[in-house]
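Engineer: Below you'll find model-v2.cif; it's mmCIF, C-alpha atoms.
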```cif
data_protein
loop_
_atom_site.label_atom_id
_atom_site.label_comp_id
_atom_site.auth_asym_id
_atom_site.auth_seq_id
_atom_site.Cartn_x
_atom_site.Cartn_y
_atom_site.Cartn_z
CA MET A 1 -48.21 35.32 -44.03
CA THR A 2 -50.13 35.74 -40.82
CA ALA A 3 -53.09 37.17 -42.70
CA SER A 4 -53.70 33.84 -44.40
CA PHE A 5 -54.24 32.07 -41.08
CA PRO A 6 -57.82 31.87 -39.84
CA ASP A 7 -58.60 34.25 -36.99
CA THR A 8 -59.26 31.35 -34.66
CA LEU A 9 -55.59 30.39 -34.76
CA THR A 10 -54.23 31.62 -31.46
CA GLN A 11 -50.75 32.43 -30.28
CA ARG A 12 -50.98 29.20 -28.31
CA ASP A 13 -51.73 27.15 -31.43
CA ARG A 14 -48.71 28.63 -33.15
CA ALA A 15 -46.54 27.86 -30.14
CA ILE A 16 -47.77 24.25 -30.17
CA ALA A 17 -47.08 23.97 -33.90
CA ALA A 18 -43.60 25.45 -33.50
CA LEU A 19 -42.74 23.16 -30.58
CA ALA A 20 -44.07 20.13 -32.46
CA ALA A 21 -41.95 21.06 -35.47
CA ILE A 22 -38.87 21.37 -33.26
CA ALA A 23 -39.69 18.03 -31.61
CA ILE A 24 -40.04 16.29 -34.98
CA GLY A 25 -36.72 17.74 -36.08
CA VAL A 26 -35.01 16.59 -32.89
CA GLN A 27 -36.45 13.10 -33.17
CA VAL A 28 -35.46 12.72 -36.83
CA LEU A 29 -31.94 13.97 -36.08
CA GLU A 30 -31.71 11.60 -33.14
CA ALA A 31 -32.75 8.68 -35.33
CA ALA A 32 -29.62 9.33 -37.38
CA ILE A 33 -27.36 8.86 -34.35
CA PRO A 34 -26.23 5.26 -34.12
CA SER A 35 -27.03 3.71 -30.74
CA PRO A 36 -24.63 1.29 -29.05
CA VAL A 37 -27.54 -0.83 -27.88
CA PRO A 38 -30.70 -1.36 -29.93
CA GLY A 39 -33.76 0.11 -28.26
CA ILE A 40 -31.84 2.60 -26.16
CA LYS A 41 -31.71 6.24 -27.19
CA PRO A 42 -31.60 9.50 -25.25
CA GLY A 43 -35.10 10.66 -26.19
CA LEU A 44 -34.08 14.28 -26.66
CA ALA A 45 -37.46 15.10 -28.18
CA ASN A 46 -38.94 14.68 -24.71
CA ILE A 47 -37.24 17.96 -23.79
CA VAL A 48 -39.75 19.66 -26.07
CA THR A 49 -42.63 17.81 -24.40
CA LEU A 50 -41.39 19.03 -21.02
CA ILE A 51 -41.10 22.60 -22.24
CA ALA A 52 -44.61 22.43 -23.67
CA LEU A 53 -45.86 21.03 -20.37
CA LEU A 54 -44.20 23.67 -18.21
CA THR A 55 -45.00 26.63 -20.44
CA LEU A 56 -48.30 25.79 -22.13
CA GLY A 57 -49.80 23.08 -19.94
CA TRP A 58 -50.52 19.38 -20.14
CA ARG A 59 -52.96 19.49 -23.06
CA ALA A 60 -50.41 21.35 -25.16
CA ALA A 61 -47.80 18.75 -24.16
CA VAL A 62 -50.16 16.00 -25.35
CA ALA A 63 -50.73 17.80 -28.65
CA VAL A 64 -47.02 18.44 -29.22
CA THR A 65 -46.11 14.84 -28.39
CA LEU A 66 -48.77 13.20 -30.56
CA ILE A 67 -47.95 15.46 -33.50
CA ARG A 68 -44.27 14.62 -32.95
CA VAL A 69 -44.87 10.86 -32.86
CA VAL A 70 -46.95 10.87 -36.02
CA GLY A 71 -44.85 13.48 -37.82
CA ALA A 72 -41.52 11.82 -37.09
CA ALA A 73 -42.97 8.43 -38.11
CA LEU A 74 -44.07 9.92 -41.43
CA LEU A 75 -40.59 11.32 -42.05
CA LEU A 76 -38.78 8.18 -40.93
CA GLY A 77 -41.13 5.83 -42.78
CA THR A 78 -42.14 3.89 -39.68
CA LEU A 79 -45.81 4.88 -39.59
CA LEU A 80 -48.00 2.01 -38.33
CA SER A 81 -44.94 -0.26 -38.00
CA PRO A 82 -44.04 -1.86 -34.65
CA THR A 83 -41.55 0.98 -34.13
CA PHE A 84 -44.38 3.46 -34.43
CA TRP A 85 -46.64 1.61 -31.99
CA LEU A 86 -43.78 1.31 -29.50
CA SER A 87 -43.09 5.02 -29.88
CA LEU A 88 -46.78 5.82 -29.38
CA ALA A 89 -47.12 3.52 -26.36
CA GLY A 90 -44.09 5.10 -24.74
CA ALA A 91 -45.33 8.59 -25.48
CA LEU A 92 -48.79 7.89 -24.06
CA ALA A 93 -47.33 6.33 -20.91
CA ALA A 94 -44.99 9.29 -20.45
CA LEU A 95 -47.87 11.73 -20.95
CA ALA A 96 -49.93 9.84 -18.38
CA ALA A 97 -47.09 10.13 -15.86
CA LEU A 98 -46.71 13.82 -16.65
CA GLY A 99 -50.47 14.26 -16.25
CA LEU A 100 -50.31 12.70 -12.79
CA LEU A 101 -47.38 14.91 -11.73
CA ARG A 102 -48.69 18.05 -13.42
CA PRO A 103 -50.49 19.38 -10.29
CA LEU A 104 -47.16 19.28 -8.41
CA ALA A 105 -45.22 21.18 -11.08
CA PRO A 106 -43.45 23.52 -10.97
CA ARG A 107 -43.88 24.23 -7.26
CA HIS A 108 -42.88 20.84 -5.90
CA VAL A 109 -41.45 19.03 -8.92
CA GLY A 110 -39.08 20.53 -11.46
CA ALA A 111 -38.08 19.57 -14.95
CA LEU A 112 -35.63 16.93 -13.70
CA GLY A 113 -38.21 14.96 -11.73
CA LEU A 114 -40.75 15.24 -14.53
CA ALA A 115 -38.21 14.02 -17.07
CA ILE A 116 -37.16 11.02 -14.98
CA ALA A 117 -40.76 10.03 -14.29
CA ALA A 118 -41.66 10.46 -17.95
CA ALA A 119 -38.66 8.42 -19.13
CA MET A 120 -39.40 5.58 -16.71
CA ALA A 121 -43.07 5.57 -17.72
CA HIS A 122 -42.03 5.73 -21.38
CA ILE A 123 -39.88 2.62 -21.25
CA THR A 124 -42.42 0.79 -19.08
CA GLY A 125 -45.21 1.50 -21.56
CA GLN A 126 -43.03 0.38 -24.45
CA PHE A 127 -42.00 -2.71 -22.59
CA LEU A 128 -45.57 -3.70 -21.74
CA LEU A 129 -46.60 -3.36 -25.39
CA ALA A 130 -43.54 -5.29 -26.55
CA TRP A 131 -44.05 -8.05 -24.01
CA GLY A 132 -47.82 -8.25 -24.32
CA VAL A 133 -48.16 -8.04 -28.08
CA ILE A 134 -44.96 -8.01 -30.10
CA ILE A 135 -42.64 -10.51 -28.35
CA PRO A 136 -44.67 -12.36 -25.70
CA HIS A 137 -41.70 -14.35 -24.39
CA PRO A 138 -41.67 -15.36 -20.69
CA ASN A 139 -38.04 -14.27 -20.31
CA LEU A 140 -38.45 -10.82 -21.84
CA PRO A 141 -38.59 -9.19 -18.36
CA LEU A 142 -34.87 -9.95 -18.12
CA VAL A 143 -34.17 -7.08 -20.50
CA LEU A 144 -36.30 -4.64 -18.49
CA PRO A 145 -33.75 -3.75 -15.75
CA PRO A 146 -31.06 -2.47 -18.16
CA LEU A 147 -33.73 -0.58 -20.07
CA LEU A 148 -34.99 1.02 -16.83
CA LEU A 149 -31.42 2.00 -15.96
CA ALA A 150 -31.01 3.54 -19.40
CA ALA A 151 -34.31 5.39 -18.93
CA LEU A 152 -33.15 6.74 -15.58
CA ILE A 153 -29.96 8.08 -17.12
CA ALA A 154 -31.68 9.41 -20.25
CA GLY A 155 -34.43 11.00 -18.16
CA SER A 156 -31.87 12.73 -15.95
CA VAL A 157 -30.00 14.05 -18.98
CA THR A 158 -33.13 15.32 -20.75
CA GLY A 159 -34.40 16.79 -17.48
CA ILE A 160 -31.19 18.74 -16.93
CA LEU A 161 -31.23 19.87 -20.56
CA ALA A 162 -34.88 20.94 -20.28
CA ALA A 163 -34.08 22.94 -17.14
CA HIS A 164 -31.24 24.64 -18.97
CA VAL A 165 -33.43 25.40 -21.97
CA LEU A 166 -36.12 26.90 -19.73
CA ALA A 167 -33.53 28.99 -17.92
CA ASP A 168 -32.12 30.41 -21.14
CA PRO A 169 -33.22 34.04 -21.62
CA ARG A 170 -33.25 33.54 -25.40
CA ILE A 171 -35.89 30.86 -24.91
CA GLN A 172 -37.85 32.79 -22.28
CA ARG A 173 -38.26 35.63 -24.75
CA HIS A 174 -40.10 33.31 -27.09
CA VAL A 175 -42.18 31.32 -24.67
CA ARG A 176 -44.59 32.97 -22.31
CA LEU A 177 -44.56 31.07 -19.06
CA ALA A 178 -47.77 29.52 -17.83
CA ARG A 179 -49.55 31.65 -15.24
CA HIS A 180 -51.03 28.82 -13.21
CA PRO A 181 -48.26 26.92 -11.46
CA MET B 1 -40.10 31.27 -8.97
CA THR B 2 -38.44 30.07 -12.12
CA LEU B 3 -39.28 26.86 -13.91
CA SER B 4 -35.71 25.70 -14.13
CA GLY B 5 -34.61 25.07 -10.55
CA LEU B 6 -34.58 21.85 -8.57
CA ARG B 7 -37.50 21.03 -6.30
CA TRP B 8 -37.73 18.53 -3.46
CA GLY B 9 -39.99 16.43 -5.67
CA ASP B 10 -37.11 15.97 -8.09
CA GLY B 11 -35.08 14.26 -5.39
CA VAL B 12 -38.03 12.09 -4.39
CA ILE B 13 -38.66 11.03 -7.98
CA ALA B 14 -34.96 10.41 -8.64
CA ALA B 15 -34.72 8.29 -5.47
CA LEU B 16 -37.88 6.33 -6.31
CA ALA B 17 -36.68 5.73 -9.87
CA SER B 18 -33.24 4.60 -8.68
CA GLY B 19 -34.91 2.26 -6.20
CA ALA B 20 -37.09 0.84 -8.97
CA VAL B 21 -34.01 0.21 -11.13
CA VAL B 22 -32.16 -1.56 -8.31
CA ALA B 23 -35.25 -3.61 -7.44
CA ALA B 24 -35.72 -4.57 -11.09
CA PHE B 25 -32.13 -5.77 -11.35
CA ALA B 26 -32.43 -7.73 -8.11
CA LEU B 27 -35.72 -9.35 -9.10
CA ALA B 28 -34.59 -10.25 -12.58
CA TYR B 29 -31.03 -11.39 -11.99
CA LEU B 30 -30.71 -12.77 -8.47
CA PRO B 31 -30.75 -16.39 -9.52
CA ASP B 32 -33.44 -18.68 -8.26
CA THR B 33 -31.09 -21.59 -7.75
CA GLU B 34 -33.56 -24.16 -6.50
CA ALA B 35 -33.90 -26.92 -9.04
CA SER B 36 -37.37 -27.91 -10.14
CA MET B 37 -36.77 -29.95 -13.28
CA LEU B 38 -34.44 -32.71 -14.38
CA VAL B 39 -33.49 -32.69 -18.03
CA ILE B 40 -32.23 -35.98 -19.41
CA THR B 41 -30.35 -35.73 -22.67
CA GLN B 42 -29.30 -38.93 -24.38
CA THR B 43 -27.64 -39.37 -27.73
CA GLY B 44 -30.22 -40.06 -30.38
CA GLU B 45 -33.15 -39.30 -28.10
CA PRO B 46 -35.15 -36.11 -27.67
CA PRO B 47 -34.41 -34.40 -24.34
CA ARG B 48 -36.70 -35.61 -21.61
CA GLN B 49 -37.91 -33.57 -18.67
CA GLU B 50 -38.81 -34.96 -15.29
CA PRO B 51 -40.26 -32.59 -12.68
CA LEU B 52 -38.57 -32.88 -9.28
CA ASP B 53 -41.87 -33.03 -7.45
CA ARG B 54 -42.06 -36.43 -5.73
CA ALA B 55 -39.68 -39.22 -4.84
CA ARG B 56 -39.35 -41.91 -7.48
CA GLU B 57 -36.80 -43.78 -9.54
CA ILE B 58 -36.50 -43.97 -13.27
CA GLU B 59 -34.39 -46.27 -15.38
CA ILE B 60 -32.74 -45.12 -18.57
CA HIS B 61 -31.58 -47.73 -21.04
CA GLY B 62 -28.40 -46.87 -22.89
CA PRO B 63 -25.78 -48.66 -24.99
CA ALA B 64 -23.85 -49.80 -21.89
CA GLY B 65 -26.74 -50.79 -19.67
CA ILE B 66 -29.19 -49.16 -17.32
CA THR B 67 -28.72 -45.88 -15.50
CA ARG B 68 -30.93 -45.61 -12.44
CA VAL B 69 -31.89 -42.05 -11.60
CA GLN B 70 -33.26 -41.30 -8.18
CA ILE B 71 -35.56 -38.30 -7.94
CA GLU B 72 -36.65 -36.55 -4.76
CA PRO B 73 -38.50 -33.26 -4.33
CA GLY B 74 -36.02 -30.57 -5.38
CA ARG B 75 -33.13 -32.86 -6.23
CA ALA B 76 -32.04 -35.81 -8.30
CA ARG B 77 -29.00 -38.06 -8.53
CA CYS B 78 -27.47 -40.78 -10.58
CA ALA B 79 -27.96 -43.77 -8.26
CA ASP B 80 -26.37 -46.42 -10.41
CA SER B 81 -24.75 -46.32 -13.80
CA PRO B 82 -22.72 -48.83 -15.85
CA GLY B 83 -19.59 -46.65 -15.92
CA THR B 84 -16.72 -48.46 -14.15
CA ARG B 85 -15.30 -45.29 -12.62
CA ASN B 86 -18.60 -44.21 -11.09
CA ILE B 87 -18.27 -40.68 -12.43
CA CYS B 88 -22.03 -40.30 -12.77
CA GLU B 89 -22.72 -41.55 -9.25
CA ASN B 90 -19.95 -39.40 -7.77
CA SER B 91 -21.59 -36.22 -9.02
CA GLY B 92 -23.85 -36.60 -6.00
CA TRP B 93 -27.18 -34.95 -5.58
CA LEU B 94 -28.02 -32.38 -8.22
CA GLN B 95 -30.06 -29.68 -6.53
CA ARG B 96 -29.00 -26.26 -7.79
CA HIS B 97 -29.85 -24.77 -11.16
CA GLY B 98 -27.39 -25.96 -13.78
CA GLU B 99 -25.78 -28.85 -11.90
CA VAL B 100 -25.03 -31.77 -14.15
CA ALA B 101 -24.08 -35.44 -14.03
CA VAL B 102 -22.76 -37.32 -17.03
CA SER B 103 -22.64 -40.96 -17.95
CA LEU B 104 -20.42 -41.34 -20.96
CA PRO B 105 -20.87 -45.12 -21.39
CA ASN B 106 -24.62 -44.54 -21.65
CA ARG B 107 -24.15 -41.32 -23.66
CA LEU B 108 -26.38 -39.29 -21.40
CA THR B 109 -26.35 -36.17 -19.27
CA LEU B 110 -28.57 -35.34 -16.35
CA GLN B 111 -29.04 -31.67 -15.60
CA VAL B 112 -31.31 -30.00 -13.11
CA GLN B 113 -32.84 -26.62 -13.84
CA GLY B 114 -34.56 -23.98 -11.77
CA ARG B 115 -36.23 -20.79 -12.77
CA GLY B 116 -32.85 -19.07 -13.14
CA PRO B 117 -32.03 -17.11 -16.28
CA GLY B 118 -32.85 -19.61 -18.95
CA TYR B 119 -32.59 -17.64 -22.16
CA ASP B 120 -30.17 -18.52 -24.91
CA SER B 121 -30.01 -15.22 -26.72
CA ILE B 122 -31.90 -12.01 -27.26
CA HIS B 123 -32.76 -10.81 -30.74
CA TYR B 124 -33.90 -7.43 -31.88
#
```
Translate the structure of the given file into structure tokens.
Structural biologist:
Amino acid sequence: MTASFPDTLTQRDRAIAALAAIAIGVQVLEAAIPSPVPGIKPGLANIVTLIALLTLGWRAAVAVTLIRVVGAALLLGTLLSPTFWLSLAGALAALAALGLLRPLAPRHVGALGLAIAAAMAHITGQFLLAWGVIIPHPNLPLVLPPLLLAALIAGSVTGILAAHVLADPRIQRHVRLARHP
Amino acid sequence: MTLSGLRWGDGVIAALASGAVVAAFALAYLPDTEASMLVITQTGEPPRQEPLDRAREIEIHGPAGITRVQIEPGRARCADSPGTRNICENSGWLQRHGEVAVSLPNRLTLQVQGRGPGYDSIHY
């Protein structure tokens, strides 16, 4: 199989493709879980983004996330729908937050802090798109506080899970850790 | 140094995020009780809004007579109404979001509103 890949395909590219595939799978599975409140879900696929960020760097995290957003939308049939744009806006906002915090990781900020910051940025980006474009209602900010609380909880959970995944020797065998901290 | 442990930045981010959540709840839900608008609803008429910006009096004609509404900055009251039991007048000054005075003989309600949560429902 490997012989059919072009020589320019690096180990890193394969790692990005594998992580993106895992992320798409996680997101599709998560879409099947009914949520008690519309618009609130754990965002487990962000664990994969965090792992990409901490092992392969920010650009790989961007690649994995964008492939995941588009790939999951294709599978779920939401491509170019409001759901897709909300997903993309959240992903871009989360990536921006991760990009800002990247210089501090992993020396000063661990997976937990990154996950919380990304989750808060994610919901804020989604909210701004929803409020600005999709439902420009003056009272929409009233739904933001519960969403932020949900993001804080979801970010903590995904952060803890990401830390556990990174600590697992079975994972560390497969992912070479980034040299530059 | 492993990638999985906690760092001091995690605590800082968690604290900042928690603070943002608390602040968001406080900003969004602590009611702004000061009234700024009087809404007059009368049977058969479209609701009418009067801003509580300057002192004045308005008269509302109803089936039983005239209800005089006195408006001052930030508050309003039913000054005189045809009801014999003076229920409308006895409601006093309406100055906090949601306070209401009713004149049944004239089939009307007076309610003041502020900027407090004013949504009816949220749809997804």
Engineer: Can you work out which one of A:Leu53, A:Leu86, A:Ala31, A:Leu74 has the shortest atom-to-atom distance to Gly132 of chain A, counting all atoms listed in the file?
Structural biologist: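 Once distances to Gly132 of chain A are computed over all atoms listed in the file, the minimum belongs to A:Leu86.
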Engineer: Skip Gly11 of chain B itself and residues of its chain fewer than 6 positions away, then list as a VMD selection string all residues within 10 Å of it, counting all atoms listed in the file.
Structural biologist: (chain A and resid 109 to 110 112 to 113) or (chain B and resid 17)
Engineer: For the file shown, what are the residues hit by the PyMOL selection byres ((chain A) within 9 of (chain B)), laid out as a VMD selection string?
Structural biologist: chain A and resid 38 to 39 54 to 55 104 to 114 116 to 117 120 139 to 149 152 156 160 162 to 167 177
Engineer: The PyMOL selection byres ((chain B and resi 110) around 7) - which residues does that actually catch in the file I just gave you? List them as a list in words.
Structural biologist: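 Against this file, the PyMOL selection byres ((chain B and resi 110) around 7) returns the residues Leu38, Val39, Ile40, Thr41, Val100, Ala101, Val102, Leu108, Thr109, Gln111 and Val112 of chain B.
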Engineer: Between atom CA of Pro138 of chain A and atom CA of Ile71 of chain B, what is the distance in Å, rounded to a tenth?
Structural biologist: 26.9 Å
Engineer: Got a sec: who's within 7 Å of Glu57 of chain B, counting all atoms listed in the file, leaving out chain neighbours fewer than 5 positions off, as a ChimeraX atom specification?
Structural biologist: /B:68-71
Engineer: How many Å separate atom CA of Gly125 of chain A from atom CA of Gly159 of chain A?
Structural biologist: 19.2 Å
Engineer: Name the residues that the PyMOL selection byres ((chain B and resi 95) around 9) picks from the file above, as a PDB file with C-alpha atoms, in the coordinates of the input, using the file's chain letters and numbers.
Structural biologist:
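So the final result, stored in out32.pdb, reads:
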```pdb
ATOM      1  CA  THR B  33     -31.090 -21.590  -7.750  1.00  0.00           C
ATOM      2  CA  GLU B  34     -33.560 -24.160  -6.500  1.00  0.00           C
ATOM      3  CA  ALA B  35     -33.900 -26.920  -9.040  1.00  0.00           C
ATOM      4  CA  SER B  36     -37.370 -27.910 -10.140  1.00  0.00           C
ATOM      5  CA  GLY B  74     -36.020 -30.570  -5.380  1.00  0.00           C
ATOM      6  CA  ARG B  75     -33.130 -32.860  -6.230  1.00  0.00           C
ATOM      7  CA  ALA B  76     -32.040 -35.810  -8.300  1.00  0.00           C
ATOM      8  CA  ARG B  77     -29.000 -38.060  -8.530  1.00  0.00           C
ATOM      9  CA  TRP B  93     -27.180 -34.950  -5.580  1.00  0.00           C
ATOM     10  CA  LEU B  94     -28.020 -32.380  -8.220  1.00  0.00           C
ATOM     11  CA  ARG B  96     -29.000 -26.260  -7.790  1.00  0.00           C
ATOM     12  CA  HIS B  97     -29.850 -24.770 -11.160  1.00  0.00           C
ATOM     13  CA  GLY B  98     -27.390 -25.960 -13.780  1.00  0.00           C
ATOM     14  CA  GLU B  99     -25.780 -28.850 -11.900  1.00  0.00           C
ATOM     15  CA  VAL B 112     -31.310 -30.000 -13.110  1.00  0.00           C
ATOM     16  CA  GLN B 113     -32.840 -26.620 -13.840  1.00  0.00           C
ATOM     17  CA  GLY B 114     -34.560 -23.980 -11.770  1.00  0.00           C
TER      18      GLY B 114
END
```
Engineer: Fewer than 5 positions away in the same chain doesn't count, so skip those; otherwise give me all residues within 10 Å of Gly25 of chain A, counting all atoms listed in the file, as a ChimeraX atom specification.
Structural biologist: /A:19-20,30-31,45,68,71-72,75
Engineer: Provide the atom CA of Ile40 of chain A to atom CA of Ile67 of chain A distance in Å, to one decimal place.
Structural biologist: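 The value is 21.9 Å.
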Engineer: For each of A:Val157, A:Pro169, A:Gly90, A:Pro103, take the minimum atom-to-atom distance to Thr124 of chain A, counting all atoms listed in the file, then give the residue where this is smallest.
Structural biologist: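 Comparing A:Val157, A:Pro169, A:Gly90, A:Pro103 against Thr124 of chain A, the winner is A:Gly90.
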Engineer: Which residues come within 8 Å of Val69 of chain A, counting only C-alpha atoms, excluding same-chain residues fewer than 6 positions away, as a PyMOL selection string?
Structural biologist: chain A and resi 24+84+87-88+91
Engineer: Given the choices A:Gly57, A:Gly155, A:Gly77, A:Pro82, which gets closest to Gly43 of chain A if the distance is worked out from only C-alpha atoms?
Structural biologist: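 Answer, going by the shortest atom-to-atom distance: A:Gly155.
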Engineer: Dump as an mmCIF file with C-alpha atoms, in the coordinates of the input all residues having an atom at most 9 Å from (-39.1, 14.1, -25.1), computed in the file's coordinates with all atoms listed in the file.
Structural biologist:
```
data_model
loop_
_atom_site.group_PDB
_atom_site.id
_atom_site.type_symbol
_atom_site.label_atom_id
_atom_site.label_comp_id
_atom_site.auth_asym_id
_atom_site.auth_seq_id
_atom_site.Cartn_x
_atom_site.Cartn_y
_atom_site.Cartn_z
ATOM 1 C CA ALA A 23 -39.690 18.030 -31.610
ATOM 2 C CA GLN A 27 -36.450 13.100 -33.170
ATOM 3 C CA PRO A 42 -31.600 9.500 -25.250
ATOM 4 C CA GLY A 43 -35.100 10.660 -26.190
ATOM 5 C CA LEU A 44 -34.080 14.280 -26.660
ATOM 6 C CA ALA A 45 -37.460 15.100 -28.180
ATOM 7 C CA ASN A 46 -38.940 14.680 -24.710
ATOM 8 C CA ILE A 47 -37.240 17.960 -23.790
ATOM 9 C CA VAL A 48 -39.750 19.660 -26.070
ATOM 10 C CA THR A 49 -42.630 17.810 -24.400
ATOM 11 C CA LEU A 50 -41.390 19.030 -21.020
ATOM 12 C CA THR A 65 -46.110 14.840 -28.390
ATOM 13 C CA ALA A 91 -45.330 8.590 -25.480
ATOM 14 C CA ALA A 94 -44.990 9.290 -20.450
ATOM 15 C CA ALA A 115 -38.210 14.020 -17.070
ATOM 16 C CA ALA A 118 -41.660 10.460 -17.950
ATOM 17 C CA ALA A 119 -38.660 8.420 -19.130
ATOM 18 C CA GLY A 155 -34.430 11.000 -18.160
ATOM 19 C CA THR A 158 -33.130 15.320 -20.750
#
```
Engineer: Find the residue from B:Pro73, B:Ser103, B:Leu30, B:Ala64 that sits nearest to Glu89 of chain B; use all atoms listed in the file when measuring.
Structural biologist: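 Looking at the shortest contact to Glu89 of chain B, the residue is B:Ser103.
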Engineer: Just the residues within 7 Å of Arg107 of chain B, please, counting all atoms listed in the file, with nothing from its chain fewer than 2 positions along; format it as a VMD selection string.
Structural biologist: chain B and resid 42 to 43 103 to 105
Engineer: Given the selection you just returned, output its residues as a file containing C-alpha atoms, formatted as a compact mmCIF listing (two decimals), in the frame of the given file.
Structural biologist:
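As written to disk, selection-v5.txt reads:
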```
# COMPACT_ATOMS: atom_id res chain seq x y z
CA GLN B 42 -29.30 -38.93 -24.38
CA THR B 43 -27.64 -39.37 -27.73
CA SER B 103 -22.64 -40.96 -17.95
CA LEU B 104 -20.42 -41.34 -20.96
CA PRO B 105 -20.87 -45.12 -21.39
```
